[in-house]
file start.txt (compact mmCIF, C-alpha atoms)
# COMPACT_ATOMS: atom_id res chain seq x y z
CA MET Z 4 32.30 11.16 -19.22
CA PRO Z 5 30.75 13.91 -21.42
CA MET Z 6 27.15 14.86 -20.63
CA ASN Z 7 26.01 13.96 -24.13
CA ARG Z 8 27.40 10.44 -23.69
CA ILE Z 9 25.68 10.09 -20.30
CA LYS Z 10 22.38 11.22 -21.81
CA LYS Z 11 22.73 8.79 -24.71
CA ILE Z 12 23.19 5.86 -22.32
CA ALA Z 13 20.36 7.12 -20.07
CA ARG Z 14 18.05 7.44 -23.10
CA GLN Z 15 18.59 3.82 -24.12
CA ILE Z 16 18.06 2.56 -20.56
CA HIS Z 17 14.96 4.73 -20.17
CA LEU Z 18 13.51 3.63 -23.50
CA TRP Z 19 13.90 -0.12 -23.18
CA LEU Z 20 12.93 -0.32 -19.53
CA GLY Z 21 9.86 1.75 -20.34
CA LEU Z 22 8.83 -0.48 -23.24
CA ILE Z 23 9.29 -3.62 -21.12
CA THR Z 24 7.44 -2.46 -17.99
CA GLY Z 25 5.19 0.35 -19.26
CA LEU Z 26 1.92 -1.59 -18.97
CA LEU Z 27 2.84 -2.90 -15.52
CA VAL Z 28 3.67 0.60 -14.28
CA PHE Z 29 0.36 1.85 -15.67
CA VAL Z 30 -1.60 -0.85 -13.77
CA ILE Z 31 0.33 -0.30 -10.51
CA SER Z 32 -0.19 3.48 -10.75
CA ILE Z 33 -3.93 3.35 -11.50
CA THR Z 34 -4.69 0.82 -8.76
CA GLY Z 35 -2.55 2.75 -6.29
CA CYS Z 36 -4.42 5.92 -7.20
CA LEU Z 37 -7.78 4.24 -6.50
CA TYR Z 38 -6.64 2.77 -3.18
CA VAL Z 39 -5.40 6.06 -1.67
CA PHE Z 40 -8.98 7.00 -0.70
CA GLU Z 41 -9.92 3.46 0.30
CA GLU Z 42 -11.26 4.46 3.73
CA GLU Z 43 -13.32 7.35 2.36
CA ILE Z 44 -14.76 5.20 -0.45
CA ARG Z 45 -15.81 2.50 2.00
CA GLU Z 46 -17.34 5.05 4.36
CA LEU Z 47 -19.39 6.43 1.46
CA THR Z 48 -20.45 3.21 -0.27
CA GLN Z 49 -20.60 0.63 2.55
CA LYS Z 50 -22.17 2.57 5.40
CA ASP Z 51 -25.00 0.04 5.78
CA ARG Z 52 -22.59 -2.74 6.66
CA LEU Z 53 -19.94 -0.73 8.52
CA TYR Z 54 -22.30 0.84 11.08
CA VAL Z 55 -25.50 0.21 13.00
CA PRO Z 56 -27.67 2.79 14.80
CA SER Z 57 -26.00 3.97 18.03
CA GLN Z 58 -27.32 2.54 21.30
CA GLN Z 59 -26.58 3.23 24.93
CA LYS Z 60 -25.17 -0.26 25.40
CA PRO Z 61 -21.66 -1.64 25.92
CA PHE Z 62 -19.87 -3.91 23.47
CA VAL Z 63 -21.50 -7.34 23.62
CA GLY Z 64 -18.10 -9.03 23.74
CA LEU Z 65 -15.90 -10.74 21.19
CA ASP Z 66 -16.84 -14.18 22.50
CA ALA Z 67 -20.52 -13.64 21.62
CA VAL Z 68 -19.61 -12.44 18.13
CA ILE Z 69 -17.35 -15.43 17.45
CA ARG Z 70 -19.93 -17.92 18.72
CA ASN Z 71 -22.50 -16.46 16.33
CA PHE Z 72 -19.94 -16.66 13.52
CA GLU Z 73 -19.38 -20.35 14.32
CA ARG Z 74 -23.13 -21.00 14.09
CA ILE Z 75 -23.47 -19.17 10.76
CA ALA Z 76 -20.21 -20.03 9.01
CA LEU Z 77 -19.92 -23.79 9.34
CA ASN Z 78 -16.53 -25.25 8.42
CA GLU Z 79 -15.02 -21.78 8.04
CA LYS Z 80 -12.04 -20.52 10.00
CA ILE Z 81 -11.38 -16.96 11.10
CA THR Z 82 -8.41 -15.27 9.46
CA ILE Z 83 -8.90 -11.66 10.61
CA ILE Z 84 -10.99 -9.89 13.27
CA ARG Z 85 -11.36 -6.10 13.23
CA ILE Z 86 -12.87 -4.03 16.06
CA THR Z 87 -13.20 -0.23 15.92
CA GLU Z 88 -13.29 1.04 19.51
CA SER Z 89 -13.27 4.72 18.52
CA LYS Z 90 -16.71 4.23 16.91
CA PRO Z 91 -18.92 2.18 19.28
CA ASN Z 92 -21.59 1.65 16.59
CA ALA Z 93 -19.09 0.25 14.06
CA THR Z 94 -19.70 -3.39 13.19
CA VAL Z 95 -17.22 -6.08 14.15
CA GLU Z 96 -15.66 -7.48 10.97
CA LEU Z 97 -14.61 -11.12 10.64
CA SER Z 98 -12.89 -12.50 7.54
CA SER Z 99 -12.76 -16.24 6.88
CA ASN Z 100 -10.55 -18.64 4.98
CA LYS Z 101 -13.34 -18.95 2.37
CA LYS Z 102 -12.75 -15.34 1.26
CA ARG Z 103 -15.97 -14.22 2.93
CA VAL Z 104 -16.42 -11.22 5.23
CA TYR Z 105 -18.99 -11.10 8.04
CA TYR Z 106 -20.16 -7.93 9.81
CA PHE Z 107 -21.73 -8.26 13.27
CA ASN Z 108 -23.73 -5.86 15.41
CA PRO Z 109 -21.46 -4.73 18.31
CA TYR Z 110 -24.42 -4.48 20.69
CA SER Z 111 -26.16 -7.83 19.99
CA ALA Z 112 -23.66 -9.93 17.98
CA ALA Z 113 -26.35 -10.32 15.29
CA LEU Z 114 -25.18 -10.70 11.69
CA VAL Z 115 -25.54 -7.43 9.77
CA TYR Z 116 -24.04 -8.39 6.41
CA LYS Z 117 -22.21 -11.27 4.74
CA GLY Z 118 -20.37 -11.03 1.44
CA GLY Z 119 -17.24 -11.77 -0.50
CA GLU Z 120 -14.20 -9.57 -0.79
CA ASP Z 121 -15.15 -6.14 -2.18
CA TRP Z 122 -13.75 -4.49 -5.31
CA LEU Z 123 -11.29 -2.42 -3.27
CA GLU Z 124 -9.64 -5.59 -1.99
CA THR Z 125 -9.38 -6.74 -5.60
CA VAL Z 126 -7.76 -3.40 -6.46
CA GLU Z 127 -5.24 -3.92 -3.65
CA LYS Z 128 -4.39 -7.43 -4.90
CA ILE Z 129 -3.89 -6.16 -8.44
CA HIS Z 130 -1.67 -3.37 -7.07
CA THR Z 131 0.52 -5.70 -5.02
CA SER Z 132 0.57 -8.91 -7.08
CA PHE Z 133 -1.50 -8.52 -10.29
CA MET Z 134 -3.63 -11.25 -8.68
CA LEU Z 135 -0.93 -13.80 -9.59
CA GLY Z 136 0.13 -14.80 -6.08
CA GLU Z 137 3.83 -15.00 -5.27
CA THR Z 138 4.78 -14.83 -8.94
CA GLY Z 139 2.84 -11.59 -9.27
CA LYS Z 140 4.51 -10.14 -6.19
CA PHE Z 141 7.91 -10.92 -7.69
CA ILE Z 142 6.96 -9.19 -10.96
CA GLN Z 143 5.44 -6.23 -9.13
CA ARG Z 144 8.39 -5.53 -6.86
CA TRP Z 145 10.92 -5.66 -9.68
CA SER Z 146 8.70 -3.49 -11.85
CA VAL Z 147 8.91 -0.84 -9.13
CA VAL Z 148 12.71 -1.21 -9.05
CA VAL Z 149 12.75 -0.65 -12.81
CA PHE Z 150 10.45 2.36 -12.38
CA VAL Z 151 12.90 3.92 -9.91
CA CYS Z 152 15.65 3.50 -12.52
CA MET Z 153 13.39 5.14 -15.10
CA LEU Z 154 12.74 8.10 -12.80
CA ILE Z 155 16.47 8.61 -12.31
CA THR Z 156 17.29 8.30 -16.03
CA GLY Z 157 14.29 10.52 -16.79
CA LEU Z 158 15.71 13.27 -14.59
CA ILE Z 159 19.05 12.98 -16.40
CA LEU Z 160 17.30 13.33 -19.76
CA TRP Z 161 15.14 16.23 -18.54
CA PHE Z 162 18.08 18.36 -17.41
CA PRO Z 163 18.77 20.85 -20.23
CA ASN Z 164 22.21 21.05 -21.83
CA GLN Z 165 22.22 24.82 -21.31
CA ILE Z 166 21.02 26.70 -18.23
CA ARG Z 167 19.27 29.29 -20.41
CA LEU Z 168 16.90 26.53 -21.56
CA LEU Z 169 15.89 25.64 -17.99
CA LYS Z 170 12.74 27.79 -18.02
CA GLN Z 171 11.65 26.16 -21.26
CA SER Z 172 11.95 22.72 -19.62
CA LEU Z 173 9.58 23.72 -16.80
CA SER Z 174 6.50 24.61 -18.83
CA ILE Z 175 4.10 22.92 -21.24
CA LYS Z 176 3.56 24.66 -24.59
CA TRP Z 177 -0.18 24.08 -24.88
CA LYS Z 178 -0.49 25.96 -28.18
CA ALA Z 179 2.16 23.87 -29.93
CA SER Z 180 1.56 20.76 -32.06
CA PHE Z 181 0.23 17.51 -30.57
CA LYS Z 182 3.71 16.03 -30.83
CA ARG Z 183 5.20 18.86 -28.79
CA VAL Z 184 2.41 18.90 -26.19
CA ASN Z 185 2.73 15.13 -25.73
CA TYR Z 186 6.50 15.48 -25.32
CA ASP Z 187 6.04 18.25 -22.72
CA LEU Z 188 3.42 16.23 -20.83
CA HIS Z 189 5.92 13.39 -20.53
CA ASN Z 190 8.96 15.54 -19.84
CA VAL Z 191 7.59 18.37 -17.68
CA LEU Z 192 4.97 16.48 -15.65
CA GLY Z 193 7.47 13.68 -15.14
CA PHE Z 194 9.94 16.16 -13.68
CA TYR Z 195 7.41 17.78 -11.32
CA ALA Z 196 6.15 14.43 -10.05
CA SER Z 197 9.53 12.66 -9.90
CA GLY Z 198 10.37 13.58 -6.30
CA ILE Z 199 6.99 12.41 -4.98
CA LEU Z 200 7.06 9.29 -7.15
CA LEU Z 201 10.50 8.39 -5.83
CA VAL Z 202 9.16 8.59 -2.27
CA ILE Z 203 6.10 6.50 -3.17
CA SER Z 204 8.25 3.94 -4.99
CA LEU Z 205 10.89 3.61 -2.27
CA THR Z 206 8.26 3.29 0.47
CA GLY Z 207 6.61 0.61 -1.67
CA LEU Z 208 9.92 -1.23 -1.98
CA TYR Z 209 10.18 -1.09 1.81
CA PHE Z 210 7.32 -3.61 1.95
CA ALA Z 211 8.91 -5.85 -0.66
CA PHE Z 212 12.62 -6.06 0.12
CA LYS Z 213 14.27 -6.73 3.46
CA GLU Z 214 17.36 -5.00 2.03
CA VAL Z 215 15.44 -1.70 2.00
CA LYS Z 216 14.56 -2.19 5.68
CA THR Z 217 18.20 -2.98 6.38
CA ALA Z 218 19.20 0.26 4.66
CA ALA Z 219 16.67 2.19 6.76
CA SER Z 220 18.13 0.61 9.89
CA TYR Z 221 21.62 1.61 8.78
CA PHE Z 222 20.68 5.25 8.21
CA THR Z 223 18.81 5.50 11.53
CA GLY Z 224 21.62 3.79 13.42
CA SER Z 225 19.20 1.30 14.98
CA LYS Z 226 17.88 -2.20 14.35
CA LEU Z 227 14.29 -2.98 13.43
CA LYS Z 228 12.84 -5.01 16.28
CA ASP Z 229 10.56 -8.01 15.88
CA GLY Z 230 9.23 -7.63 19.41
CA LYS Z 231 10.41 -8.32 22.92
CA LYS Z 232 10.35 -12.03 23.71
CA GLN Z 233 8.20 -13.12 26.65
CA THR Z 234 8.77 -16.03 29.03
CA GLY Z 235 6.74 -17.60 31.79
CA VAL Z 236 3.42 -16.13 30.57
CA GLU Z 237 0.00 -17.58 31.35
CA GLN Z 238 -1.41 -20.02 28.81
CA VAL Z 239 -5.11 -20.08 27.90
CA THR Z 240 -5.28 -23.36 26.02
CA ALA Z 241 -7.99 -24.68 28.36
CA LEU Z 242 -10.46 -22.00 27.18
CA PRO Z 243 -12.87 -22.64 24.27
CA PHE Z 244 -11.93 -21.11 20.93
CA ALA Z 245 -14.21 -18.03 21.23
CA ASP Z 246 -13.23 -17.42 24.85
CA CYS Z 247 -9.54 -17.66 23.97
CA TYR Z 248 -9.80 -14.80 21.47
CA ASN Z 249 -11.96 -12.83 23.87
CA HIS Z 250 -9.48 -13.38 26.69
CA LEU Z 251 -6.55 -12.13 24.61
CA TYR Z 252 -8.49 -9.08 23.46
CA LYS Z 253 -9.82 -8.15 26.91
CA THR Z 254 -6.46 -8.65 28.60
CA ALA Z 255 -4.69 -6.41 26.09
CA SER Z 256 -7.45 -3.76 26.23
CA LEU Z 257 -7.35 -3.57 30.03
CA LYS Z 258 -3.58 -3.35 30.18
CA TYR Z 259 -3.22 -0.91 27.25
CA PRO Z 260 -6.50 1.06 27.04
CA GLY Z 261 -7.40 3.85 24.62
CA ALA Z 262 -6.98 2.03 21.27
CA MET Z 263 -8.88 3.41 18.26
CA SER Z 264 -9.00 -0.01 16.61
CA THR Z 265 -7.83 -3.56 17.20
CA SER Z 266 -7.21 -6.40 14.79
CA ILE Z 267 -6.44 -10.06 15.41
CA SER Z 268 -5.04 -12.02 12.47
CA VAL Z 269 -3.91 -15.59 11.96
CA ARG Z 270 -0.43 -15.60 10.44
CA LYS Z 271 1.58 -18.34 8.82
CA LYS Z 272 2.30 -21.38 11.02
CA GLY Z 273 -0.77 -20.55 13.13
CA GLU Z 274 0.74 -17.63 15.02
CA LEU Z 275 -1.77 -14.98 16.19
CA ARG Z 276 -1.04 -11.26 15.89
CA LEU Z 277 -3.02 -8.76 17.94
CA ARG Z 278 -2.48 -5.18 16.82
CA MET Z 279 -3.82 -2.10 18.64
CA LEU Z 280 -3.76 1.32 16.97
CA TYR Z 281 -3.81 4.50 19.11
CA PRO Z 282 -4.30 8.18 18.15
CA TYR Z 283 -1.22 9.54 16.39
CA ARG Z 284 0.03 12.43 14.24
CA TRP Z 285 3.07 11.12 12.37
CA ALA Z 286 4.44 7.67 13.14
CA ARG Z 287 1.70 5.19 13.99
CA ASN Z 288 1.25 4.55 17.69
CA GLN Z 289 0.77 0.83 17.47
CA ASN Z 290 1.15 -1.96 20.00
CA THR Z 291 1.61 -5.43 18.54
CA PHE Z 292 1.43 -8.76 20.37
CA TYR Z 293 2.24 -12.21 19.00
CA PHE Z 294 0.69 -15.36 20.48
CA ASN Z 295 1.09 -19.09 20.02
CA GLY Z 296 -2.04 -20.06 18.06
CA SER Z 297 -2.32 -23.43 19.80
CA THR Z 298 -1.75 -22.42 23.42
CA GLY Z 299 -2.59 -18.69 23.46
CA GLN Z 300 0.78 -17.99 25.10
CA LEU Z 301 2.25 -14.54 24.52
CA LEU Z 302 5.46 -15.00 22.54
CA ARG Z 303 6.63 -11.41 22.07
CA SER Z 304 5.34 -7.85 22.13
CA LYS Z 305 6.25 -4.57 20.46
CA LEU Z 306 5.08 -1.36 22.16
CA TYR Z 307 5.14 2.00 20.38
CA LYS Z 308 6.56 3.72 23.47
CA GLU Z 309 9.70 1.62 23.00
CA PHE Z 310 10.16 2.34 19.26
CA ASN Z 311 13.65 3.20 18.06
CA GLY Z 312 14.52 5.00 14.81
CA ALA Z 313 14.08 1.96 12.56
CA ASP Z 314 10.75 1.13 14.24
CA LEU Z 315 9.54 4.70 13.64
CA VAL Z 316 10.43 4.41 9.95
CA GLU Z 317 8.40 1.19 9.72
CA ALA Z 318 5.48 2.79 11.59
CA THR Z 319 5.49 5.80 9.24
CA ASN Z 320 6.09 3.98 5.96
CA TYR Z 321 2.49 3.06 5.01
CA ASP Z 322 1.12 6.53 5.69
CA LEU Z 323 3.98 8.07 3.73
CA HIS Z 324 3.39 5.65 0.85
CA THR Z 325 -0.31 6.55 0.60
CA GLY Z 326 0.05 10.26 1.37
CA ARG Z 327 -2.14 10.10 4.47
CA LEU Z 328 0.81 11.20 6.59
CA PHE Z 329 -0.03 14.76 5.51
CA GLY Z 330 -3.80 14.45 5.76
CA LEU Z 331 -6.23 15.19 2.95
CA LEU Z 332 -3.73 17.35 1.06
CA GLY Z 333 -1.17 14.54 1.13
CA LYS Z 334 -3.71 12.09 -0.30
CA ILE Z 335 -4.66 14.49 -3.09
CA VAL Z 336 -0.99 15.01 -3.97
CA ALA Z 337 -0.46 11.22 -3.97
CA VAL Z 338 -3.43 10.73 -6.31
CA ILE Z 339 -2.20 13.42 -8.73
CA ALA Z 340 1.32 11.96 -8.71
CA SER Z 341 -0.10 8.48 -9.35
CA LEU Z 342 -2.15 9.76 -12.29
CA ILE Z 343 0.95 11.38 -13.75
CA SER Z 344 2.81 8.12 -13.19
CA ALA Z 345 0.08 6.28 -15.13
CA SER Z 346 0.32 8.81 -17.95
CA LEU Z 347 4.09 8.50 -18.39
CA PRO Z 348 4.05 5.07 -20.11
CA VAL Z 349 1.33 6.36 -22.47
CA THR Z 350 3.04 9.61 -23.46
CA GLY Z 351 6.41 7.85 -23.56
CA PHE Z 352 5.07 5.18 -25.91
CA LEU Z 353 3.60 7.85 -28.20
CA ILE Z 354 6.97 9.64 -28.35
CA TRP Z 355 8.72 6.38 -29.27
CA TYR Z 356 6.04 5.29 -31.74
CA ARG Z 357 6.05 8.60 -33.63
CA ARG Z 358 9.85 8.48 -33.89
CA GLU Z 359 9.81 4.90 -35.14
CA PHE Z 360 7.01 5.72 -37.61
CA ARG Z 361 8.98 8.69 -38.88
CA LYS Z 362 12.11 6.52 -39.31
CA LYS Z 363 10.20 3.85 -41.26
CA LYS Z 364 8.55 6.50 -43.40
CA LYS Z 365 11.98 7.98 -44.18
CA VAL Z 366 13.39 4.53 -45.06
CA LEU Z 367 10.45 3.80 -47.36
CA LYS Z 368 10.80 7.17 -49.04
CA THR Z 369 14.52 6.58 -49.59
CA ALA Z 370 13.87 3.08 -50.94
CA SER Z 371 11.19 4.33 -53.32
CA SER Z 372 13.59 6.90 -54.78
CA PHE Z 373 15.81 4.06 -56.04
CA THR Z 374 12.98 2.26 -57.82

call {"tool": "encode", "arguments": {"input": "start.txt", "output": "structure tokens"}}
result
Amino acid sequence: MPMNRIKKIARQIHLWLGLITGLLVFVISITGCLYVFEEEIRELTQKDRLYVPSQQKPFVGLDAVIRNFERIALNEKITIIRITESKPNATVELSSNKKRVYYFNPYSAALVYKGGEDWLETVEKIHTSFMLGETGKFIQRWSVVVFVCMLITGLILWFPNQIRLLKQSLSIKWKASFKRVNYDLHNVLGFYASGILLVISLTGLYFAFKEVKTAASYFTGSKLKDGKKQTGVEQVTALPFADCYNHLYKTASLKYPGAMSTSISVRKKGELRLRMLYPYRWARNQNTFYFNGSTGQLLRSKLYKEFNGADLVEATNYDLHTGRLFGLLGKIVAVIASLISASLPVTGFLIWYRREFRKKKKVLKTASSFT
């Protein structure tokens, strides 16, 4: 097929997909940009709730924290517990089914702060579901699929028909007219950011589609594991609720020491997931344990020392998606790429609008000449 024909088809696909999903891509890009520095923003703006003055005391124990939570938060159930072992003065964070978050002193179990979900959690929900639940997640994931198609068609359109024009396609003519500058901002910046945006988009799709995980397994020649099943393990159903959580946490910490942080979350169907994160450079060193929520029995475990290729891809995916895999520089690059991504629907719409306006103006001028 001739290149001109390919470009004509690509232009139509690029145009209509852009018009349909432009606003959605803008929202996903802006919220993603804000969330890249989520940890740093929280450290800066929420220090009073995240930390208490350091003391020469050991951790008071998860059981004491949970008992205090039960006294304060009547009729509320724990959904997530977060403990930061690498920072002894970091508060213990408990989230409840009432969308409230409680922060407790790690030395005394006293309540430090209670509040609703913060604005960053709202940003994350907008980014992943437009705050529309499962329907929003469906729209979001397919919007990203469309965006990948737009990046590919955009690259086809960017490629000059003649090699001698290649240099011209790599620079923005700042002294030209607004129309030309806007075109270059869309065309040139889109080209420079396309590789990074493809990585960000595909790693985002990894969260949304099991088919992407299957593809990753195929290319690594290994199967993503759900954890090694356990049999004949001690049950702790006789322990009170607070002691049960404390028992699971202490047992895991003694057997696998050195974690930077630990989280316990209640999953669907009442299953408990205990996740321990250890120091790492590339793929996350993360041990994950799954328990029966009713009996406390260990169902299966997944240790980072036993990761295969597909497991390493999964452990690396989030950090690659957010840019943190490459430290501060990676985050900055991810933010810049996201800002460019947000600008593309705007500059693209202006290109289309000016062309349509020019066409209508030409039609009106032609029509007026016959009157």

call {"tool": "residues_around", "arguments": {"input": "start.txt", "residues": "Z:Val149", "least_positions_apart": "2", "cutoff": "12 Å", "atoms": "all atoms listed in the file", "output": "PyMOL selection string"}}
result
chain Z and resi 16-25+27-28+142-147+151-157+201+204-205+208

call {"tool": "atom_distance", "arguments": {"input": "start.txt", "atom1": "atom CA of Z:Val215", "atom2": "atom CA of Z:Thr125"}}
result
26.4 Å

call {"tool": "closest_residue", "arguments": {"input": "start.txt", "among": "Z:Leu306, Z:Tyr105, Z:Lys231, Z:Thr217", "to": "Z:Lys258", "atoms": "only C-alpha atoms"}}
result
Z:Leu306

call {"tool": "atom_distance", "arguments": {"input": "start.txt", "atom1": "atom CA of Z:Ala337", "atom2": "atom CA of Z:Gly198"}}
result
11.3 Å

call {"tool": "residues_around", "arguments": {"input": "start.txt", "residues": "Z:Ala196", "least_positions_apart": "2", "cutoff": "10 Å", "atoms": "all atoms listed in the file", "output": "list in words"}}
result
Leu154, Val191, Leu192, Gly193, Phe194, Gly198, Ile199, Leu200, Leu201, Val336, Ala337, Ile339, Ala340, Ser341, Leu342, Ile343 and Ser344 of chain Z

call {"tool": "closest_residue", "arguments": {"input": "start.txt", "among": "Z:Thr34, Z:Thr265, Z:Asn290, Z:Ser57", "to": "Z:Lys128", "atoms": "all atoms listed in the file"}}
result
Z:Thr34

call {"tool": "residues_around", "arguments": {"input": "start.txt", "residues": "Z:Ser297", "least_positions_apart": "2", "cutoff": "9 Å", "atoms": "all atoms listed in the file", "output": "PDB file with C-alpha atoms, in the coordinates of the input"}}
result
ATOM      1  CA  THR Z 240      -5.280 -23.360  26.020  1.00  0.00           C
ATOM      2  CA  GLY Z 273      -0.770 -20.550  13.130  1.00  0.00           C
ATOM      3  CA  GLU Z 274       0.740 -17.630  15.020  1.00  0.00           C
ATOM      4  CA  PHE Z 294       0.690 -15.360  20.480  1.00  0.00           C
ATOM      5  CA  ASN Z 295       1.090 -19.090  20.020  1.00  0.00           C
ATOM      6  CA  GLY Z 299      -2.590 -18.690  23.460  1.00  0.00           C
ATOM      7  CA  GLN Z 300       0.780 -17.990  25.100  1.00  0.00           C
TER       8      GLN Z 300
END

call {"tool": "atom_distance", "arguments": {"input": "start.txt", "atom1": "atom CA of Z:Arg74", "atom2": "atom CA of Z:Tyr252"}}
result
21.1 Å

call {"tool": "closest_residue", "arguments": {"input": "start.txt", "among": "Z:His130, Z:Arg278, Z:Lys272, Z:Lys305", "to": "Z:Tyr38", "atoms": "only C-alpha atoms"}}
result
Z:His130

call {"tool": "residues_around", "arguments": {"input": "start.txt", "residues": "Z:Gly296", "least_positions_apart": "5", "cutoff": "12 Å", "atoms": "all atoms listed in the file", "output": "VMD selection string"}}
result
chain Z and resid 82 238 to 240 244 247 to 248 251 267 to 277 301 to 302

call {"tool": "residues_around", "arguments": {"input": "start.txt", "residues": "Z:Val104", "least_positions_apart": "5", "cutoff": "7 Å", "atoms": "only C-alpha atoms", "output": "list in words"}}
result
Glu96, Leu97, Ser98, Ser99, Lys117, Gly118, Gly119 and Glu120 of chain Z

call {"tool": "closest_residue", "arguments": {"input": "start.txt", "among": "Z:Gly330, Z:Pro109, Z:Pro91, Z:Gly312", "to": "Z:Arg284", "atoms": "all atoms listed in the file"}}
result
Z:Gly330

call {"tool": "closest_residue", "arguments": {"input": "start.txt", "among": "Z:Leu227, Z:Ser180, Z:Ala211, Z:Leu160", "to": "Z:Val148", "atoms": "only C-alpha atoms"}}
result
Z:Ala211

call {"tool": "closest_residue", "arguments": {"input": "start.txt", "among": "Z:Phe62, Z:Ile159, Z:Ser89, Z:Phe40", "to": "Z:Lys10", "atoms": "only C-alpha atoms"}}
result
Z:Ile159

call {"tool": "build_atoms", "arguments": {"input": "start.txt", "residues": "stretch 212-230 of chain Z", "atoms": "N, CA and C atoms", "output": "mmCIF file, in the coordinates of the input"}}
result
data_model
loop_
_atom_site.group_PDB
_atom_site.id
_atom_site.type_symbol
_atom_site.label_atom_id
_atom_site.label_comp_id
_atom_site.auth_asym_id
_atom_site.auth_seq_id
_atom_site.Cartn_x
_atom_site.Cartn_y
_atom_site.Cartn_z
ATOM 1 N N PHE Z 212 11.234 -5.592 -0.009
ATOM 2 C CA PHE Z 212 12.620 -6.060 0.120
ATOM 3 C C PHE Z 212 13.158 -5.826 1.526
ATOM 4 N N LYS Z 213 13.673 -6.869 2.130
ATOM 5 C CA LYS Z 213 14.270 -6.730 3.460
ATOM 6 C C LYS Z 213 15.528 -5.866 3.392
ATOM 7 N N GLU Z 214 16.153 -5.815 2.199
ATOM 8 C CA GLU Z 214 17.360 -5.000 2.030
ATOM 9 C C GLU Z 214 17.049 -3.515 2.219
ATOM 10 N N VAL Z 215 15.841 -3.102 1.817
ATOM 11 C CA VAL Z 215 15.440 -1.700 2.000
ATOM 12 C C VAL Z 215 15.270 -1.409 3.489
ATOM 13 N N LYS Z 216 14.701 -2.353 4.226
ATOM 14 C CA LYS Z 216 14.560 -2.190 5.680
ATOM 15 C C LYS Z 216 15.934 -2.158 6.346
ATOM 16 N N THR Z 217 16.837 -2.979 5.841
ATOM 17 C CA THR Z 217 18.200 -2.980 6.380
ATOM 18 C C THR Z 217 18.864 -1.629 6.146
ATOM 19 N N ALA Z 218 18.642 -1.053 4.967
ATOM 20 C CA ALA Z 218 19.200 0.260 4.660
ATOM 21 C C ALA Z 218 18.623 1.328 5.580
ATOM 22 N N ALA Z 219 17.308 1.239 5.852
ATOM 23 C CA ALA Z 219 16.670 2.190 6.760
ATOM 24 C C ALA Z 219 17.258 2.066 8.161
ATOM 25 N N SER Z 220 17.506 0.836 8.583
ATOM 26 C CA SER Z 220 18.130 0.610 9.890
ATOM 27 C C SER Z 220 19.527 1.211 9.943
ATOM 28 N N TYR Z 221 20.260 1.069 8.839
ATOM 29 C CA TYR Z 221 21.620 1.610 8.780
ATOM 30 C C TYR Z 221 21.616 3.125 8.919
ATOM 31 N N PHE Z 222 20.715 3.789 8.185
ATOM 32 C CA PHE Z 222 20.680 5.250 8.210
ATOM 33 C C PHE Z 222 20.145 5.814 9.529
ATOM 34 N N THR Z 223 19.320 5.039 10.236
ATOM 35 C CA THR Z 223 18.810 5.500 11.530
ATOM 36 C C THR Z 223 19.739 5.091 12.681
ATOM 37 N N GLY Z 224 20.697 4.236 12.380
ATOM 38 C CA GLY Z 224 21.620 3.790 13.420
ATOM 39 C C GLY Z 224 20.964 2.898 14.448
ATOM 40 N N SER Z 225 19.916 2.185 14.054
ATOM 41 C CA SER Z 225 19.200 1.300 14.980
ATOM 42 C C SER Z 225 18.720 0.068 14.230
ATOM 43 N N LYS Z 226 18.309 -0.940 14.953
ATOM 44 C CA LYS Z 226 17.880 -2.200 14.350
ATOM 45 C C LYS Z 226 16.375 -2.366 14.501
ATOM 46 N N LEU Z 227 15.724 -2.737 13.401
ATOM 47 C CA LEU Z 227 14.290 -2.980 13.430
ATOM 48 C C LEU Z 227 13.989 -4.174 14.320
ATOM 49 N N LYS Z 228 13.127 -3.959 15.309
ATOM 50 C CA LYS Z 228 12.840 -5.010 16.280
ATOM 51 C C LYS Z 228 11.625 -5.841 15.855
ATOM 52 N N ASP Z 229 11.669 -7.110 16.178
ATOM 53 C CA ASP Z 229 10.560 -8.010 15.880
ATOM 54 C C ASP Z 229 9.655 -8.177 17.104
ATOM 55 N N GLY Z 230 10.004 -7.515 18.180
ATOM 56 C CA GLY Z 230 9.230 -7.630 19.410
ATOM 57 C C GLY Z 230 10.056 -8.212 20.543
#
